[in-house]
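This is structure.cif. It holds mmCIF, C-alpha atoms (C1' of nucleotides).
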```cif
data_final
#
loop_
_atom_site.label_atom_id
_atom_site.label_comp_id
_atom_site.auth_asym_id
_atom_site.auth_seq_id
_atom_site.Cartn_x
_atom_site.Cartn_y
_atom_site.Cartn_z
CA MET A 27 -34.38 8.20 67.60
CA ASP A 28 -35.43 4.97 65.98
CA THR A 29 -38.77 3.95 67.40
CA SER A 30 -39.05 0.69 65.51
CA ALA A 31 -39.52 -2.38 67.62
CA ALA A 32 -37.55 -5.58 67.32
CA PRO A 33 -37.70 -6.93 63.75
CA THR A 34 -38.22 -10.43 65.06
CA SER A 35 -41.44 -11.32 66.77
CA PRO A 36 -42.59 -14.56 68.34
CA ASN A 37 -45.42 -15.27 65.91
CA GLY A 38 -43.35 -16.55 63.01
CA GLN A 39 -44.52 -14.60 59.96
CA ARG A 40 -45.34 -11.04 60.97
CA PRO A 41 -42.47 -9.14 62.62
CA ASP A 42 -44.87 -6.29 63.35
CA PRO A 43 -45.52 -3.41 60.92
CA SER A 44 -42.48 -2.04 59.18
CA ARG A 45 -41.57 1.64 59.43
CA ILE A 46 -43.14 2.32 56.08
CA GLU A 47 -46.20 0.20 56.67
CA ARG A 48 -46.91 2.38 59.66
CA LEU A 49 -46.73 5.47 57.48
CA CYS A 50 -49.11 3.90 55.00
CA ILE A 51 -51.64 3.21 57.71
CA GLU A 52 -51.27 6.72 59.08
CA ARG A 53 -52.15 8.09 55.67
CA GLY A 54 -55.14 5.81 55.37
CA LEU A 55 -53.98 3.35 52.75
CA LYS A 56 -55.74 0.04 52.51
CA MET A 57 -53.07 -2.45 53.50
CA THR A 58 -53.02 -5.54 51.37
CA GLY A 59 -50.51 -8.32 51.61
CA GLN A 60 -48.61 -6.99 48.60
CA ARG A 61 -48.40 -3.49 49.97
CA ARG A 62 -47.23 -4.72 53.30
CA LEU A 63 -44.58 -6.67 51.50
CA ILE A 64 -43.34 -3.75 49.46
CA ALA A 65 -43.42 -1.55 52.53
CA ARG A 66 -41.24 -4.05 54.28
CA VAL A 67 -38.76 -4.34 51.47
CA LEU A 68 -38.48 -0.58 51.30
CA SER A 69 -38.10 -0.26 55.04
CA GLU A 70 -35.28 -2.74 55.07
CA ALA A 71 -33.52 -1.42 51.98
CA GLU A 72 -30.31 0.42 52.69
CA ASP A 73 -29.85 1.31 49.05
CA HIS A 74 -31.98 2.87 46.32
CA PRO A 75 -33.66 0.00 44.51
CA ASP A 76 -35.45 0.33 41.20
CA VAL A 77 -38.77 -1.33 40.47
CA GLU A 78 -37.22 -4.45 39.10
CA GLU A 79 -35.11 -4.85 42.20
CA LEU A 80 -38.06 -4.22 44.50
CA TYR A 81 -39.99 -6.80 42.58
CA ARG A 82 -37.14 -9.28 42.90
CA ARG A 83 -36.85 -8.79 46.65
CA ALA A 84 -40.59 -8.88 47.19
CA SER A 85 -41.06 -12.00 45.08
CA ALA A 86 -38.41 -13.70 47.13
CA LEU A 87 -40.58 -13.25 50.21
CA ASP A 88 -43.85 -14.09 48.53
CA SER A 89 -44.11 -14.88 44.86
CA ARG A 90 -47.77 -13.90 44.63
CA ILE A 91 -46.99 -10.38 43.44
CA SER A 92 -46.65 -8.85 39.99
CA VAL A 93 -44.46 -6.06 38.69
CA ALA A 94 -47.56 -4.08 37.83
CA THR A 95 -48.43 -3.95 41.50
CA VAL A 96 -44.96 -2.81 42.40
CA TYR A 97 -45.27 0.00 39.88
CA ARG A 98 -48.70 0.95 41.18
CA THR A 99 -47.67 0.84 44.80
CA VAL A 100 -44.47 2.74 44.37
CA ARG A 101 -46.36 5.45 42.55
CA LEU A 102 -48.95 5.57 45.30
CA LEU A 103 -46.26 5.87 47.94
CA GLU A 104 -44.69 8.67 45.97
CA GLU A 105 -47.99 10.56 45.81
CA LYS A 106 -48.39 10.13 49.55
CA GLY A 107 -44.91 11.50 50.07
CA ILE A 108 -43.63 8.28 51.59
CA VAL A 109 -40.92 7.69 49.03
CA GLU A 110 -39.15 9.90 46.54
CA ARG A 111 -38.49 8.96 42.95
CA ARG A 112 -34.88 9.45 41.91
CA ASP A 113 -33.07 9.38 38.64
CA PHE A 114 -29.41 8.47 38.83
CA GLY A 115 -29.16 7.84 35.12
CA GLY A 116 -29.53 4.44 33.56
CA GLY A 117 -33.15 4.79 32.55
CA ARG A 118 -34.95 3.30 35.52
CA ALA A 119 -36.38 5.22 38.42
CA ARG A 120 -35.03 4.44 41.85
CA PHE A 121 -36.78 4.92 45.15
CA ASP A 122 -35.79 6.50 48.39
CA PRO A 123 -37.93 6.46 51.55
CA THR A 124 -38.41 10.00 52.80
CA ASP A 125 -38.42 9.08 56.47
CA ARG A 126 -34.66 8.81 56.51
CA GLY A 127 -34.34 12.54 56.43
CA HIS A 128 -33.38 15.00 53.75
CA HIS A 129 -30.20 14.16 51.92
CA HIS A 130 -28.42 14.29 48.60
CA HIS A 131 -26.35 11.81 46.67
CA LEU A 132 -22.87 11.37 45.40
CA ILE A 133 -22.59 8.75 42.71
CA ASP A 134 -19.27 6.98 42.26
CA VAL A 135 -18.94 7.02 38.49
CA ASP A 136 -16.68 3.98 38.49
CA THR A 137 -18.68 1.65 40.68
CA GLY A 138 -22.16 3.15 40.46
CA LYS A 139 -22.30 3.20 44.22
CA VAL A 140 -24.41 5.90 45.80
CA ILE A 141 -23.30 7.75 48.91
CA GLU A 142 -25.80 9.83 50.82
CA PHE A 143 -24.90 13.09 52.47
CA GLU A 144 -26.39 16.17 54.02
CA ASP A 145 -24.99 19.65 54.01
CA ALA A 146 -26.45 22.55 55.89
CA GLU A 147 -24.41 25.10 54.00
CA PHE A 148 -25.82 23.86 50.76
CA GLU A 149 -29.38 24.14 52.04
CA ARG A 150 -28.73 27.71 52.97
CA LEU A 151 -27.06 28.47 49.68
CA ALA A 152 -29.88 26.92 47.68
CA ARG A 153 -32.43 29.05 49.44
CA ALA A 154 -30.30 32.12 48.92
CA ILE A 155 -29.92 31.47 45.21
CA ALA A 156 -33.63 30.96 44.74
CA GLU A 157 -34.37 34.19 46.56
CA ARG A 158 -31.82 36.08 44.56
CA LEU A 159 -33.73 34.97 41.46
CA GLY A 160 -37.04 36.04 42.96
CA PHE A 161 -38.36 32.65 43.99
CA SER A 162 -39.10 30.87 47.19
CA LEU A 163 -37.52 27.45 47.23
CA ILE A 164 -39.91 24.51 47.00
CA GLY A 165 -37.51 21.72 46.32
CA GLN A 166 -34.06 20.91 45.07
CA ARG A 167 -32.15 18.16 43.44
CA LEU A 168 -28.43 17.86 43.98
CA GLU A 169 -26.32 15.05 42.72
CA LEU A 170 -22.58 14.92 42.62
CA PHE A 171 -20.69 12.54 40.41
CA GLY A 172 -17.22 11.70 41.59
CA ARG A 173 -14.31 9.38 41.35
CA ARG A 174 -12.21 8.10 44.16
CA PRO A 175 -8.57 8.99 43.57
CA GLU A 176 -6.25 5.91 43.49
CA ASP A 177 -4.50 7.10 46.62
CA ALA A 178 -7.72 7.72 48.47
CA PRO A 179 -8.60 6.31 51.89
CA ALA A 180 -9.65 3.12 50.13
CA ALA A 181 -13.40 2.70 50.02
CA ARG A 182 -14.22 -0.11 52.36
CA PRO A 183 -15.04 -2.95 50.00
CA GLY A 184 -18.34 -3.38 51.79
CA ARG A 185 -20.97 -3.80 49.09
CA LYS A 186 -23.97 -1.64 49.79
CA SER A 187 -25.96 1.16 48.26
CA GLY A 188 -26.36 1.73 44.58
CA ARG A 189 -26.38 -1.00 41.98
CA MET G 7 -18.09 38.42 23.34
CA ASP G 8 -20.39 37.01 20.71
CA THR G 9 -18.38 36.32 17.62
CA SER G 10 -21.26 35.28 15.43
CA ALA G 11 -21.62 37.17 12.21
CA ALA G 12 -24.80 38.65 10.83
CA PRO G 13 -27.50 36.01 10.68
CA THR G 14 -28.56 37.16 7.25
CA SER G 15 -26.27 36.68 4.29
CA PRO G 16 -26.66 37.67 0.65
CA ASN G 17 -26.91 34.14 -0.77
CA GLY G 18 -30.48 33.41 0.15
CA GLN G 19 -30.45 30.12 2.00
CA ARG G 20 -27.26 29.86 4.07
CA PRO G 21 -26.85 32.58 6.71
CA ASP G 22 -23.32 31.31 7.37
CA PRO G 23 -22.54 28.53 9.83
CA SER G 24 -24.32 28.69 13.13
CA ARG G 25 -22.42 28.69 16.39
CA ILE G 26 -22.95 25.00 16.83
CA GLU G 27 -22.28 24.11 13.22
CA ARG G 28 -18.87 25.65 13.68
CA LEU G 29 -18.24 23.44 16.67
CA CYS G 30 -19.30 20.40 14.68
CA ILE G 31 -16.85 21.24 11.93
CA GLU G 32 -14.11 21.85 14.46
CA ARG G 33 -14.64 18.37 15.81
CA GLY G 34 -14.58 16.86 12.37
CA LEU G 35 -18.22 15.91 11.90
CA LYS G 36 -19.47 15.32 8.41
CA MET G 37 -21.93 18.13 7.89
CA THR G 38 -25.09 17.06 6.14
CA GLY G 39 -28.07 19.22 5.49
CA GLN G 40 -29.93 17.71 8.41
CA ARG G 41 -27.11 18.23 10.85
CA ARG G 42 -26.67 21.80 9.74
CA LEU G 43 -30.35 22.26 10.32
CA ILE G 44 -30.32 20.80 13.80
CA ALA G 45 -27.18 22.76 14.64
CA ARG G 46 -28.97 25.89 13.60
CA VAL G 47 -32.09 25.16 15.60
CA LEU G 48 -29.97 24.47 18.65
CA SER G 49 -27.92 27.60 18.17
CA GLU G 50 -31.01 29.72 17.97
CA ALA G 51 -32.84 28.04 20.84
CA GLU G 52 -33.00 30.08 23.99
CA ASP G 53 -34.70 27.30 25.86
CA HIS G 54 -34.11 23.60 26.44
CA PRO G 55 -35.99 21.77 23.74
CA ASP G 56 -36.67 18.05 23.77
CA VAL G 57 -36.29 15.87 20.69
CA GLU G 58 -39.87 16.32 19.61
CA GLU G 59 -39.52 20.06 19.80
CA LEU G 60 -36.23 20.03 17.91
CA TYR G 61 -37.88 17.90 15.28
CA ARG G 62 -40.81 20.28 15.05
CA ARG G 63 -38.58 23.32 14.64
CA ALA G 64 -36.30 21.61 12.17
CA SER G 65 -39.15 20.28 10.06
CA ALA G 66 -40.54 23.76 9.86
CA LEU G 67 -37.35 24.85 8.12
CA ASP G 68 -37.03 21.79 5.93
CA SER G 69 -39.42 18.88 6.11
CA ARG G 70 -36.92 16.39 4.71
CA ILE G 71 -35.83 15.23 8.12
CA SER G 72 -36.95 12.40 10.38
CA VAL G 73 -37.14 12.09 14.15
CA ALA G 74 -34.67 9.22 14.00
CA THR G 75 -32.08 11.61 12.63
CA VAL G 76 -32.76 14.11 15.35
CA TYR G 77 -32.23 11.40 17.93
CA ARG G 78 -29.04 10.26 16.24
CA THR G 79 -27.66 13.74 15.86
CA VAL G 80 -28.46 14.86 19.33
CA ARG G 81 -26.73 11.80 20.70
CA LEU G 82 -23.71 12.46 18.50
CA LEU G 83 -23.53 16.04 19.71
CA GLU G 84 -23.72 14.83 23.25
CA GLU G 85 -20.82 12.45 22.72
CA LYS G 86 -18.80 15.27 21.22
CA GLY G 87 -19.56 17.42 24.21
CA ILE G 88 -21.44 20.00 22.17
CA VAL G 89 -24.72 19.64 24.01
CA GLU G 90 -25.70 18.25 27.38
CA ARG G 91 -28.63 15.99 27.99
CA ARG G 92 -30.88 17.17 30.78
CA ASP G 93 -33.75 15.66 32.65
CA PHE G 94 -36.21 18.11 34.10
CA GLY G 95 -38.78 15.44 34.75
CA GLY G 96 -41.58 14.62 32.38
CA GLY G 97 -39.92 11.69 30.75
CA ARG G 98 -38.22 13.29 27.76
CA ALA G 99 -34.63 14.36 27.59
CA ARG G 100 -33.95 18.02 26.93
CA PHE G 101 -30.86 19.51 25.40
CA ASP G 102 -28.63 22.33 26.37
CA PRO G 103 -25.73 23.62 24.24
CA THR G 104 -22.56 23.62 26.33
CA ASP G 105 -21.07 26.71 24.69
CA ARG G 106 -23.27 28.94 26.77
CA GLY G 107 -21.16 28.24 29.79
CA HIS G 108 -21.65 26.16 32.87
CA HIS G 109 -24.93 26.78 34.61
CA HIS G 110 -27.70 25.25 36.62
CA HIS G 111 -31.46 25.54 36.48
CA LEU G 112 -34.29 26.80 38.55
CA ILE G 113 -37.63 25.45 37.47
CA ASP G 114 -40.71 27.52 38.18
CA VAL G 115 -43.08 24.86 39.47
CA ASP G 116 -46.14 26.86 38.45
CA THR G 117 -45.23 27.75 34.89
CA GLY G 118 -42.63 25.11 34.09
CA LYS G 119 -40.28 27.86 32.98
CA VAL G 120 -36.60 27.24 33.39
CA ILE G 121 -34.24 29.94 34.61
CA GLU G 122 -30.51 29.48 34.19
CA PHE G 123 -28.04 30.64 36.76
CA GLU G 124 -24.44 30.29 37.79
CA ASP G 125 -23.03 30.39 41.26
CA ALA G 126 -19.36 30.31 42.07
CA GLU G 127 -19.95 29.59 45.72
CA PHE G 128 -21.91 26.51 44.83
CA GLU G 129 -19.12 25.25 42.60
CA ARG G 130 -16.70 25.63 45.43
CA LEU G 131 -19.05 23.97 47.89
CA ALA G 132 -19.73 21.04 45.59
CA ARG G 133 -16.04 20.36 45.22
CA ALA G 134 -15.56 20.65 48.96
CA ILE G 135 -18.35 18.19 49.71
CA ALA G 136 -16.99 15.65 47.25
CA GLU G 137 -13.54 15.93 48.75
CA ARG G 138 -14.89 15.61 52.25
CA LEU G 139 -16.39 12.29 51.14
CA GLY G 140 -13.13 11.18 49.60
CA PHE G 141 -13.92 11.83 45.95
CA SER G 142 -12.77 14.16 43.28
CA LEU G 143 -15.68 15.87 41.60
CA ILE G 144 -16.39 14.79 38.04
CA GLY G 145 -19.79 16.31 37.51
CA GLN G 146 -22.80 17.68 39.27
CA ARG G 147 -26.44 18.19 38.78
CA LEU G 148 -28.24 20.95 40.59
CA GLU G 149 -31.82 21.88 40.06
CA LEU G 150 -33.90 24.14 42.19
CA PHE G 151 -37.66 24.12 42.12
CA GLY G 152 -39.29 27.33 43.17
CA ARG G 153 -42.39 29.41 43.19
CA ARG G 154 -42.61 33.10 42.61
CA PRO G 155 -44.31 34.80 45.54
CA GLU G 156 -47.36 36.84 44.46
CA ASP G 157 -45.67 40.04 45.56
CA ALA G 158 -42.37 39.22 43.88
CA PRO G 159 -40.38 41.83 41.95
CA ALA G 160 -41.48 40.31 38.65
CA ALA G 161 -38.47 38.56 37.18
CA ARG G 162 -36.40 40.85 35.05
CA PRO G 163 -37.30 39.77 31.52
CA GLY G 164 -33.59 39.56 30.74
CA ARG G 165 -33.28 35.79 30.27
CA LYS G 166 -35.57 33.54 28.34
CA SER G 167 -35.34 29.78 28.75
CA GLY G 168 -37.89 27.17 29.50
CA ARG G 169 -40.84 25.95 27.52
"C1'" DC Z 5 -71.18 -5.70 50.87
"C1'" DT Z 6 -68.43 -2.62 47.97
"C1'" DA Z 7 -64.75 0.42 46.81
"C1'" DG Z 8 -60.58 -0.38 45.67
"C1'" DG Z 9 -56.53 -3.65 44.81
"C1'" DT Z 10 -54.40 -7.20 41.91
"C1'" DG Z 11 -52.57 -10.24 38.03
"C1'" DC Z 12 -52.08 -10.72 33.39
"C1'" DA Z 13 -51.34 -9.25 29.01
"C1'" DA Z 14 -51.83 -5.73 25.79
"C1'" DA Z 15 -50.91 -0.87 25.11
"C1'" DT Z 16 -48.00 3.51 25.49
"C1'" DC Z 17 -44.17 6.33 25.13
"C1'" DG Z 18 -39.64 7.80 24.47
"C1'" DT Z 19 -35.77 6.12 22.16
"C1'" DT Z 20 -32.90 2.85 19.34
"C1'" DT Z 21 -31.80 0.11 15.35
"C1'" DG Z 22 -31.69 -2.87 10.92
"C1'" DC Z 23 -31.98 -2.13 6.24
"C1'" DG Z 24 -31.73 -0.44 1.56
"C1'" DG Z 25 -30.93 3.79 -0.71
"C1'" DT Z 26 -28.28 8.51 -0.69
"C1'" DG Z 27 -24.83 11.94 -0.20
"C1'" DA Z 28 -20.42 14.19 1.74
"C1'" DT Z 29 -15.61 14.05 1.36
"C1'" DA U 16 -15.64 5.50 -4.95
"C1'" DT U 17 -16.34 4.88 -0.03
"C1'" DC U 18 -18.02 5.16 4.20
"C1'" DA U 19 -21.04 7.41 6.87
"C1'" DC U 20 -25.81 9.26 6.86
"C1'" DC U 21 -30.73 9.21 6.20
"C1'" DG U 22 -35.68 7.81 6.24
"C1'" DC U 23 -38.76 4.25 7.37
"C1'" DA U 24 -40.69 1.11 10.14
"C1'" DA U 25 -40.00 -2.45 13.30
"C1'" DA U 26 -37.83 -3.34 17.83
"C1'" DC U 27 -37.07 -2.10 22.59
"C1'" DG U 28 -37.23 -1.28 27.58
"C1'" DA U 29 -39.53 1.02 31.15
"C1'" DT U 30 -43.94 2.06 32.74
"C1'" DT U 31 -49.10 2.20 32.39
"C1'" DT U 32 -53.66 0.39 31.81
"C1'" DG U 33 -58.15 -2.42 30.64
"C1'" DC U 34 -60.40 -6.14 32.29
"C1'" DA U 35 -62.17 -9.81 35.27
"C1'" DC U 36 -61.46 -11.49 39.70
"C1'" DC U 37 -60.49 -10.86 44.77
"C1'" DT U 38 -60.10 -8.70 49.44
"C1'" DA U 39 -59.69 -5.15 53.20
"C1'" DG U 40 -62.50 -2.41 55.84
#
```
Could I get this file's structure written as structure tokens?
Amino acid sequence: MDTSAAPTSPNGQRPDPSRIERLCIERGLKMTGQRRLIARVLSEAEDHPDVEELYRRASALDSRISVATVYRTVRLLEEKGIVERRDFGGGRARFDPTDRGHHHHLIDVDTGKVIEFEDAEFERLARAIAERLGFSLIGQRLELFGRRPEDAPAARPGRKSGR
Amino acid sequence: MDTSAAPTSPNGQRPDPSRIERLCIERGLKMTGQRRLIARVLSEAEDHPDVEELYRRASALDSRISVATVYRTVRLLEEKGIVERRDFGGGRARFDPTDRGHHHHLIDVDTGKVIEFEDAEFERLARAIAERLGFSLIGQRLELFGRRPEDAPAARPGRKSGR
DNA sequence: CTAGGTGCAAATCGTTTGCGGTGAT
DNA sequence: ATCACCGCAAACGATTTGCACCTAG
């Protein structure tokens, strides 16, 4: 399913357009170095970074970028439907590329970790509820907050996702 | 089911404690004039006001109150579990008294109106999903965004809610 | 070449907080 | 009396924006 080419290319600095860069081009965005950078960071992110984190990761690759640009770009990407803005509490917005498919989140209240999941039954139920109320469903937001019981199948200590 | 007494009482200014004032007293909060006022406004609200709106409504009843106090009180009530903080987008937090029972929201994307609803099947499903992922469910957030089809059976004017 | 992007710093906006005075218990 | 509350204004943290310069198309 993944059509992305090898992330490493012969010519040192440009491992060919990232997933998200390609989307940007498709939608006719002018691709500057900064945007390419942010697109790359987002493409490679397995978690849901906030602006500060995006800025940190982008600066690490090329320090010639300002937070203001990250804010502007992220907003642009949101308008183009390339990323979705999320609010997991904690004041700052976090971003989620839309090309990974529709999903919801379960936030581990103890660790702050975010687990993604899909659920067909929920999709159906959501639509049914909306219709029952006389609406057609445009969008939904579902977040579960949970705690792993002590005797649970021990979360693999692998650090990923969430802050 | 509603145990509230008549909202009008003989002694001019104090139509007996509001629903929420009673809860405050139960939980041992020192009841000042301002808190009584905010409790009243919240008790009478059929919608989900933000701080600015609460402040506006409270000031209308007695101008000797400041926004800072509204912020402080609303936060206190949240800690005591008397109201819940909500985020329907738009930057400001909105507040929802918990004594109206557990419910979720459907936001009319055209009008911004908020419709409350409950759904037992969803509760069950949410718990099931959390368990499937190895968590016990602590909380959830469900918001549906919908649009009323032109030819819709015009929402029964039963419920209010929304701004 | 030119519309649009960018960095920087100042400005906004919702919300919090320090402080001196006030009021509920 | 005491300790928590209140109003005011300054402080804050996230995000936006005005301006002068710079770059992709």
Hits from the PyMOL selection byres ((chain A) within 10 of (chain U)), listed as a ChimeraX atom specification:
/A:56-59,77-78,94,97-98,117-119
With all C-alpha atoms paired in order, what RMSD does the least-squares fit of chain A onto chain G leave?
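Here the C-alpha RMSD works out to 1.4 Å.
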Just the number, please: distance in Å from atom CA of Leu68 of chain A to atom CA of Gly115 of chain A, one decimal.
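Distance reported for this atom pair: 20.5 Å.
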Of the candidates Z:DC5, Z:DC23, Z:DA28, Z:DT16, which one gets nearest to chain G if we count only C-alpha atoms (C1' of nucleotides)?
Z:DA28
Would you kindly report the residues of chain Z within 12 Å of chain G, using all atoms listed in the file, as a ChimeraX atom specification?
/Z:17-21,26-29
Output the selection as a PDB file, keeping the file's coordinate frame - C-alpha atoms (C1' of nucleotides) for each residue.
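The result, written out as again-v1.pdb:
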```pdb
ATOM      1  C1'  DC Z  17     -44.170   6.330  25.130  1.00  0.00           C
ATOM      2  C1'  DG Z  18     -39.640   7.800  24.470  1.00  0.00           C
ATOM      3  C1'  DT Z  19     -35.770   6.120  22.160  1.00  0.00           C
ATOM      4  C1'  DT Z  20     -32.900   2.850  19.340  1.00  0.00           C
ATOM      5  C1'  DT Z  21     -31.800   0.110  15.350  1.00  0.00           C
ATOM      6  C1'  DT Z  26     -28.280   8.510  -0.690  1.00  0.00           C
ATOM      7  C1'  DG Z  27     -24.830  11.940  -0.200  1.00  0.00           C
ATOM      8  C1'  DA Z  28     -20.420  14.190   1.740  1.00  0.00           C
ATOM      9  C1'  DT Z  29     -15.610  14.050   1.360  1.00  0.00           C
TER      10       DT Z  29
END
```
Taking the file as shown, what set of residues would the PyMOL selection byres ((chain A) within 12 of (chain G)) give back, as a VMD selection string?
chain A and resid 111 to 115 117 to 119 130 to 136 140 to 182
Selected residues, C-alpha atoms, written as a CSV table (one decimal), in the frame of the given file, please.
```
chain,number,residue,atom,x,y,z
A,111,ARG,CA,-38.5,9.0,43.0
A,112,ARG,CA,-34.9,9.4,41.9
A,113,ASP,CA,-33.1,9.4,38.6
A,114,PHE,CA,-29.4,8.5,38.8
A,115,GLY,CA,-29.2,7.8,35.1
A,117,GLY,CA,-33.2,4.8,32.6
A,118,ARG,CA,-35.0,3.3,35.5
A,119,ALA,CA,-36.4,5.2,38.4
A,130,HIS,CA,-28.4,14.3,48.6
A,131,HIS,CA,-26.4,11.8,46.7
A,132,LEU,CA,-22.9,11.4,45.4
A,133,ILE,CA,-22.6,8.8,42.7
A,134,ASP,CA,-19.3,7.0,42.3
A,135,VAL,CA,-18.9,7.0,38.5
A,136,ASP,CA,-16.7,4.0,38.5
A,140,VAL,CA,-24.4,5.9,45.8
A,141,ILE,CA,-23.3,7.8,48.9
A,142,GLU,CA,-25.8,9.8,50.8
A,143,PHE,CA,-24.9,13.1,52.5
A,144,GLU,CA,-26.4,16.2,54.0
A,145,ASP,CA,-25.0,19.6,54.0
A,146,ALA,CA,-26.4,22.6,55.9
A,147,GLU,CA,-24.4,25.1,54.0
A,148,PHE,CA,-25.8,23.9,50.8
A,149,GLU,CA,-29.4,24.1,52.0
A,150,ARG,CA,-28.7,27.7,53.0
A,151,LEU,CA,-27.1,28.5,49.7
A,152,ALA,CA,-29.9,26.9,47.7
A,153,ARG,CA,-32.4,29.0,49.4
A,154,ALA,CA,-30.3,32.1,48.9
A,155,ILE,CA,-29.9,31.5,45.2
A,156,ALA,CA,-33.6,31.0,44.7
A,157,GLU,CA,-34.4,34.2,46.6
A,158,ARG,CA,-31.8,36.1,44.6
A,159,LEU,CA,-33.7,35.0,41.5
A,160,GLY,CA,-37.0,36.0,43.0
A,161,PHE,CA,-38.4,32.6,44.0
A,162,SER,CA,-39.1,30.9,47.2
A,163,LEU,CA,-37.5,27.4,47.2
A,164,ILE,CA,-39.9,24.5,47.0
A,165,GLY,CA,-37.5,21.7,46.3
A,166,GLN,CA,-34.1,20.9,45.1
A,167,ARG,CA,-32.2,18.2,43.4
A,168,LEU,CA,-28.4,17.9,44.0
A,169,GLU,CA,-26.3,15.0,42.7
A,170,LEU,CA,-22.6,14.9,42.6
A,171,PHE,CA,-20.7,12.5,40.4
A,172,GLY,CA,-17.2,11.7,41.6
A,173,ARG,CA,-14.3,9.4,41.4
A,174,ARG,CA,-12.2,8.1,44.2
A,175,PRO,CA,-8.6,9.0,43.6
A,176,GLU,CA,-6.2,5.9,43.5
A,177,ASP,CA,-4.5,7.1,46.6
A,178,ALA,CA,-7.7,7.7,48.5
A,179,PRO,CA,-8.6,6.3,51.9
A,180,ALA,CA,-9.6,3.1,50.1
A,181,ALA,CA,-13.4,2.7,50.0
A,182,ARG,CA,-14.2,-0.1,52.4
```
Atom CA of Phe121 of chain A sits from atom CA of Val109 of chain A at a separation of 6.3 Å
Any idea what the distance is between atom CA of Ile71 of chain G and atom CA of Arg46 of chain G?
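Pair atom CA of Ile71 of chain G / atom CA of Arg46 of chain G returns 13.8 Å.
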Quick check on the file I pasted: which residues fall under the PyMOL selection byres ((chain G and resi 51) around 10)? Write them as a list in words.
Ala45, Arg46, Val47, Leu48, Ser49, Glu50, Glu52, Asp53, His54, Pro55, Leu60, Arg63, Phe101, Asp102, Pro103, Lys166 and Ser167 of chain G
Every residue with an atom at most 12 Å from (-13.7, 17.9, 17.0) (file coordinates; only C-alpha atoms (C1' of nucleotides)) is what I'm after, so could you write them as a list in words?
Ile26, Glu27, Arg28, Leu29, Cys30, Ile31, Glu32, Arg33, Gly34, Leu35, Lys36, Leu82, Leu83, Glu85, Lys86, Gly87 and Ile88 of chain G
Kindly complete segment 141-154 of chain G to N, CA and C atoms; the output should be written as a PDB file, keeping the file's coordinate frame.
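Produced file rebuild32.pdb, reproduced below:
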```pdb
ATOM      1  N   PHE G 141     -13.826  11.934  47.403  1.00  0.00           N
ATOM      2  CA  PHE G 141     -13.920  11.830  45.950  1.00  0.00           C
ATOM      3  C   PHE G 141     -13.415  13.092  45.285  1.00  0.00           C
ATOM      4  N   SER G 142     -13.012  12.946  44.036  1.00  0.00           N
ATOM      5  CA  SER G 142     -12.770  14.160  43.280  1.00  0.00           C
ATOM      6  C   SER G 142     -13.989  14.350  42.383  1.00  0.00           C
ATOM      7  N   LEU G 143     -14.414  15.580  42.285  1.00  0.00           N
ATOM      8  CA  LEU G 143     -15.680  15.870  41.600  1.00  0.00           C
ATOM      9  C   LEU G 143     -15.540  15.778  40.093  1.00  0.00           C
ATOM     10  N   ILE G 144     -16.398  14.957  39.490  1.00  0.00           N
ATOM     11  CA  ILE G 144     -16.390  14.790  38.040  1.00  0.00           C
ATOM     12  C   ILE G 144     -17.521  15.595  37.420  1.00  0.00           C
ATOM     13  N   GLY G 145     -18.647  15.604  38.064  1.00  0.00           N
ATOM     14  CA  GLY G 145     -19.790  16.310  37.510  1.00  0.00           C
ATOM     15  C   GLY G 145     -20.805  16.580  38.587  1.00  0.00           C
ATOM     16  N   GLN G 146     -21.776  17.421  38.281  1.00  0.00           N
ATOM     17  CA  GLN G 146     -22.800  17.680  39.270  1.00  0.00           C
ATOM     18  C   GLN G 146     -24.103  17.971  38.560  1.00  0.00           C
ATOM     19  N   ARG G 147     -25.132  17.852  39.319  1.00  0.00           N
ATOM     20  CA  ARG G 147     -26.440  18.190  38.780  1.00  0.00           C
ATOM     21  C   ARG G 147     -27.143  18.947  39.881  1.00  0.00           C
ATOM     22  N   LEU G 148     -27.545  20.147  39.588  1.00  0.00           N
ATOM     23  CA  LEU G 148     -28.240  20.950  40.590  1.00  0.00           C
ATOM     24  C   LEU G 148     -29.479  21.550  39.958  1.00  0.00           C
ATOM     25  N   GLU G 149     -30.600  21.248  40.539  1.00  0.00           N
ATOM     26  CA  GLU G 149     -31.820  21.880  40.060  1.00  0.00           C
ATOM     27  C   GLU G 149     -32.620  22.367  41.241  1.00  0.00           C
ATOM     28  N   LEU G 150     -33.071  23.585  41.130  1.00  0.00           N
ATOM     29  CA  LEU G 150     -33.900  24.140  42.190  1.00  0.00           C
ATOM     30  C   LEU G 150     -35.315  24.245  41.650  1.00  0.00           C
ATOM     31  N   PHE G 151     -36.267  23.979  42.500  1.00  0.00           N
ATOM     32  CA  PHE G 151     -37.660  24.120  42.120  1.00  0.00           C
ATOM     33  C   PHE G 151     -38.238  25.220  42.991  1.00  0.00           C
ATOM     34  N   GLY G 152     -38.817  26.212  42.381  1.00  0.00           N
ATOM     35  CA  GLY G 152     -39.290  27.330  43.170  1.00  0.00           C
ATOM     36  C   GLY G 152     -40.605  27.892  42.699  1.00  0.00           C
ATOM     37  N   ARG G 153     -41.118  28.769  43.512  1.00  0.00           N
ATOM     38  CA  ARG G 153     -42.390  29.410  43.190  1.00  0.00           C
ATOM     39  C   ARG G 153     -42.188  30.901  43.391  1.00  0.00           C
ATOM     40  N   ARG G 154     -42.745  31.662  42.483  1.00  0.00           N
ATOM     41  CA  ARG G 154     -42.610  33.100  42.610  1.00  0.00           C
ATOM     42  C   ARG G 154     -43.705  33.614  43.538  1.00  0.00           C
TER      43      ARG G 154
END
```
